[in-house]
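Have a look at the structure below before the remarks.
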Amino acid sequence: LMNALRWLKLQISSTSKSRPPLGASSRPPAVSPRSRGWRGMTDRSQRSAFISWASSDLVVYACFLVAVMVGVAPEGQRPATTPDRFWILVEDDRTIRCFGTFMPFVLPIVRWICCGSFQAKEGTDQKDEKIMHTFIMFVFLSLLRVGIYLQVREYHYYFSDHIFLCWSMLAMIATELKFCELHPPSCGNTIVLCMNWMLVLAILVEAWTTSRYYHTRQATWTAFVCGGLLFGGIAGCYRQKVLAEKHSDVDDDRRSLLGSNS
């Protein structure tokens, strides 16, 4: 009987300890709206994974391919005589045609203002040097496109200069997206990433418009393949160079840290 009473006393005491205090709610804590979305990504790895996905050049090129495929899919005469378009498509087409070559040059400046270069160190001018490397790369791609355009502009029925222009702009953006991927997650890096994708969306609209109304399917696909091989290949090589330099800087920092500790 005594043993039974001890067991009952133990059960009652354990049950009282597991209960919440009097007046306390048994419901799970409510999730704040601020904890959802981008602000809710408190884990650094979650933001890094999102930035890595949004900074992939393959994602940008895949979106470009989809925009061109959707543009060439409908039946109809090309070039179209009276295209039925919204005014925003007209303004986007005019803006890309007139200022598309110079628009990507704004991206390195914004990156320099918001988050600088990942190679920036105190007491050195590596930040300005890296920005200059990017500008030289952009100037090279622009001059290459203009030189080829001057040779093929008379054959616009077989080669779309608009699609070729879009490829050169996407190659510049792909190089900038690599810097966004290598930067640590921050507010400035998010601003730069959003500006890159805003320009990408404008290019996708232009790609759909020109493939839907202005150029023949042959001209569109010819320029798409040639631009992909040329500008996509150059941008891919530059992205690999930037990644190799980043790894080299990390190894140098580790060696210097180990040397100072020893």
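Please note that chains go A, B, ... in the order of the structure tokens, that every chain numbers its residues from 1, and that ligands are numbered from 1 in the order shown.
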
Residues near region 239-245 of chain A, anyone? I mean within 8 Å using only C-alpha atoms, not counting same-chain ones fewer than 4 positions away, as JSON, numbers by chain. {"A": [174, 175, 178, 179, 182, 235, 249]}

For region 73-78 of chain A, list every protein, DNA or RNA residue within 7 Å, evaluated using only C-alpha atoms, and leave out those in the same chain fewer than 4 positions away; present the list as an MDAnalysis selection string. chainID A and resid 69 213:216

Using all heavy atoms, can you write the selected residues to a file as a CSV table (one decimal), in the first residue's frame?
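What follows is the written file again_26.csv:
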chain,number,residue,atom,x,y,z
A,69,MET,N,11.5,31.7,-77.2
A,69,MET,CA,10.7,30.6,-77.7
A,69,MET,C,9.2,31.1,-77.7
A,69,MET,O,8.5,30.7,-78.6
A,69,MET,CB,10.9,29.4,-76.8
A,69,MET,CG,12.2,28.7,-76.9
A,69,MET,SD,12.4,27.3,-75.8
A,69,MET,CE,11.2,26.2,-76.5
A,213,TYR,N,7.6,40.3,-83.3
A,213,TYR,CA,7.1,41.2,-84.3
A,213,TYR,C,8.1,41.7,-85.4
A,213,TYR,O,7.7,42.0,-86.5
A,213,TYR,CB,6.6,42.5,-83.6
A,213,TYR,CG,5.4,42.3,-82.7
A,213,TYR,CD1,5.5,42.3,-81.3
A,213,TYR,CD2,4.1,42.0,-83.2
A,213,TYR,CE1,4.4,42.1,-80.5
A,213,TYR,CE2,3.0,41.8,-82.4
A,213,TYR,CZ,3.2,41.9,-81.0
A,213,TYR,OH,2.1,41.7,-80.2
A,214,TYR,N,9.4,41.8,-85.0
A,214,TYR,CA,10.3,42.5,-85.9
A,214,TYR,C,11.1,41.6,-86.8
A,214,TYR,O,11.4,41.9,-87.9
A,214,TYR,CB,11.2,43.3,-85.1
A,214,TYR,CG,10.6,44.6,-84.5
A,214,TYR,CD1,10.4,44.8,-83.2
A,214,TYR,CD2,10.0,45.5,-85.4
A,214,TYR,CE1,9.8,45.9,-82.7
A,214,TYR,CE2,9.4,46.6,-84.9
A,214,TYR,CZ,9.3,46.8,-83.5
A,214,TYR,OH,8.7,47.9,-83.0
A,215,HIS,N,11.6,40.4,-86.3
A,215,HIS,CA,12.5,39.6,-87.1
A,215,HIS,C,12.0,38.2,-87.4
A,215,HIS,O,11.1,37.7,-86.6
A,215,HIS,CB,13.8,39.5,-86.3
A,215,HIS,CG,14.6,40.7,-86.2
A,215,HIS,ND1,15.4,41.2,-87.2
A,215,HIS,CD2,14.7,41.6,-85.2
A,215,HIS,CE1,16.0,42.4,-86.8
A,215,HIS,NE2,15.6,42.6,-85.6
A,216,THR,N,12.4,37.7,-88.4
A,216,THR,CA,12.0,36.3,-88.8
A,216,THR,C,12.5,35.3,-87.8
A,216,THR,O,13.5,35.6,-87.0
A,216,THR,CB,12.5,36.0,-90.2
A,216,THR,OG1,13.9,36.0,-90.2
A,216,THR,CG2,12.0,37.0,-91.2

In terms of the shortest atom-to-atom distance over only C-alpha atoms, which of A:Ser186, A:Thr220, A:Ser56, A:Gln151 is closest to Gly236 (chain A)? A:Ser56

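Using only C-alpha atoms, the smallest distance between any of A:Phe224, A:Trp112, A:Trp197, A:Phe105 and Asp161 (chain A) comes from A:Phe224.
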
I need the residue nearest Phe138 (chain A) from this list: A:Ile109, A:Leu165, A:Met172, A:Ala202. Use only C-alpha atoms for the distance.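 Ranked by minimum distance to Phe138 (chain A), first place goes to A:Met172.
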
Alpha helix (DSSP H) call set, DSSP backbone run, region 48-176 of chain A, as a ChimeraX atom specification: /A:48-54,57-72,87-99,106-114,126-152,161-176

Set the distance at 9 Å and use only C-alpha atoms: which residues neighbour Cys166 (chain A) once local chain neighbours fewer than 6 positions away are removed? I'd like the list as a PyMOL selection string. chain A and resi 64+96+100+203-204+206-207+227

Output all heavy atoms for every residue in that selection, as an mmCIF file, in the first residue's frame.
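Writing the result to out-v2.cif gives the following:
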data_model
loop_
_atom_site.group_PDB
_atom_site.id
_atom_site.type_symbol
_atom_site.label_atom_id
_atom_site.label_comp_id
_atom_site.auth_asym_id
_atom_site.auth_seq_id
_atom_site.Cartn_x
_atom_site.Cartn_y
_atom_site.Cartn_z
ATOM 1 N N PHE A 64 16.002 33.832 -70.805
ATOM 2 C CA PHE A 64 16.130 34.438 -72.126
ATOM 3 C C PHE A 64 15.661 33.473 -73.209
ATOM 4 O O PHE A 64 14.968 33.869 -74.161
ATOM 5 C CB PHE A 64 17.586 34.842 -72.341
ATOM 6 C CG PHE A 64 17.843 35.592 -73.608
ATOM 7 C CD1 PHE A 64 17.013 36.626 -74.017
ATOM 8 C CD2 PHE A 64 18.921 35.271 -74.418
ATOM 9 C CE1 PHE A 64 17.250 37.328 -75.188
ATOM 10 C CE2 PHE A 64 19.169 35.960 -75.589
ATOM 11 C CZ PHE A 64 18.333 36.992 -75.973
ATOM 12 N N ILE A 96 15.829 50.016 -75.032
ATOM 13 C CA ILE A 96 16.892 49.015 -75.198
ATOM 14 C C ILE A 96 17.679 49.285 -76.470
ATOM 15 O O ILE A 96 18.916 49.186 -76.497
ATOM 16 C CB ILE A 96 16.297 47.603 -75.214
ATOM 17 C CG1 ILE A 96 15.661 47.267 -73.852
ATOM 18 C CG2 ILE A 96 17.369 46.569 -75.549
ATOM 19 C CD1 ILE A 96 16.631 47.200 -72.709
ATOM 20 N N GLY A 100 20.693 50.542 -74.733
ATOM 21 C CA GLY A 100 21.013 49.225 -74.194
ATOM 22 C C GLY A 100 22.500 48.987 -74.014
ATOM 23 O O GLY A 100 22.912 48.320 -73.049
ATOM 24 N N ILE A 203 15.223 43.261 -70.595
ATOM 25 C CA ILE A 203 15.803 42.579 -71.753
ATOM 26 C C ILE A 203 14.904 41.437 -72.209
ATOM 27 O O ILE A 203 14.738 41.205 -73.422
ATOM 28 C CB ILE A 203 17.215 42.069 -71.400
ATOM 29 C CG1 ILE A 203 18.148 43.240 -71.125
ATOM 30 C CG2 ILE A 203 17.775 41.204 -72.527
ATOM 31 C CD1 ILE A 203 19.509 42.833 -70.606
ATOM 32 N N LEU A 204 14.302 40.728 -71.279
ATOM 33 C CA LEU A 204 13.396 39.635 -71.653
ATOM 34 C C LEU A 204 12.180 40.163 -72.415
ATOM 35 O O LEU A 204 11.728 39.542 -73.382
ATOM 36 C CB LEU A 204 12.955 38.876 -70.395
ATOM 37 C CG LEU A 204 14.052 38.151 -69.607
ATOM 38 C CD1 LEU A 204 13.455 37.435 -68.414
ATOM 39 C CD2 LEU A 204 14.814 37.190 -70.494
ATOM 40 N N GLU A 206 12.130 42.885 -74.242
ATOM 41 C CA GLU A 206 12.627 43.258 -75.562
ATOM 42 C C GLU A 206 12.853 42.030 -76.434
ATOM 43 O O GLU A 206 12.556 42.053 -77.642
ATOM 44 C CB GLU A 206 13.929 44.048 -75.402
ATOM 45 C CG GLU A 206 14.752 44.197 -76.667
ATOM 46 C CD GLU A 206 14.029 44.980 -77.749
ATOM 47 O OE1 GLU A 206 13.021 45.647 -77.443
ATOM 48 O OE2 GLU A 206 14.468 44.923 -78.911
ATOM 49 N N ALA A 207 13.366 40.944 -75.842
ATOM 50 C CA ALA A 207 13.592 39.714 -76.613
ATOM 51 C C ALA A 207 12.266 39.156 -77.127
ATOM 52 O O ALA A 207 12.168 38.710 -78.286
ATOM 53 C CB ALA A 207 14.310 38.682 -75.753
ATOM 54 N N GLY A 227 25.149 34.662 -80.625
ATOM 55 C CA GLY A 227 25.369 35.465 -79.421
ATOM 56 C C GLY A 227 25.636 34.623 -78.195
ATOM 57 O O GLY A 227 26.463 34.982 -77.345
#

Residue nearest Asp57 (chain A) - candidates A:Cys237, A:Cys226, A:Leu170, A:Leu193, atoms counted: only C-alpha atoms: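 That would be A:Leu170, the residue with the smallest distance to Asp57 (chain A).
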
Rank A:Phe231, A:Trp87, A:Tyr61, A:Trp53 by their smallest atom-to-atom distance to Leu143 (chain A), using only C-alpha atoms, and report the top residue only.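 Of all the options, A:Phe231 lies closest to Leu143 (chain A).
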
Can you work out the spacing between CA of Met195 (chain A) and CA of Leu58 (chain A) in Å, to one decimal? 18.0 Å

Residue among A:Phe140, A:Cys180, A:Ile88, A:Thr134 lying closest to Cys114 (chain A), counting only C-alpha atoms: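 Under the stated criterion, the closest residue is A:Cys180.
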
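Counting from CA of Met169 (chain A), the distance to CA of Gly228 (chain A) is 11.4 Å.
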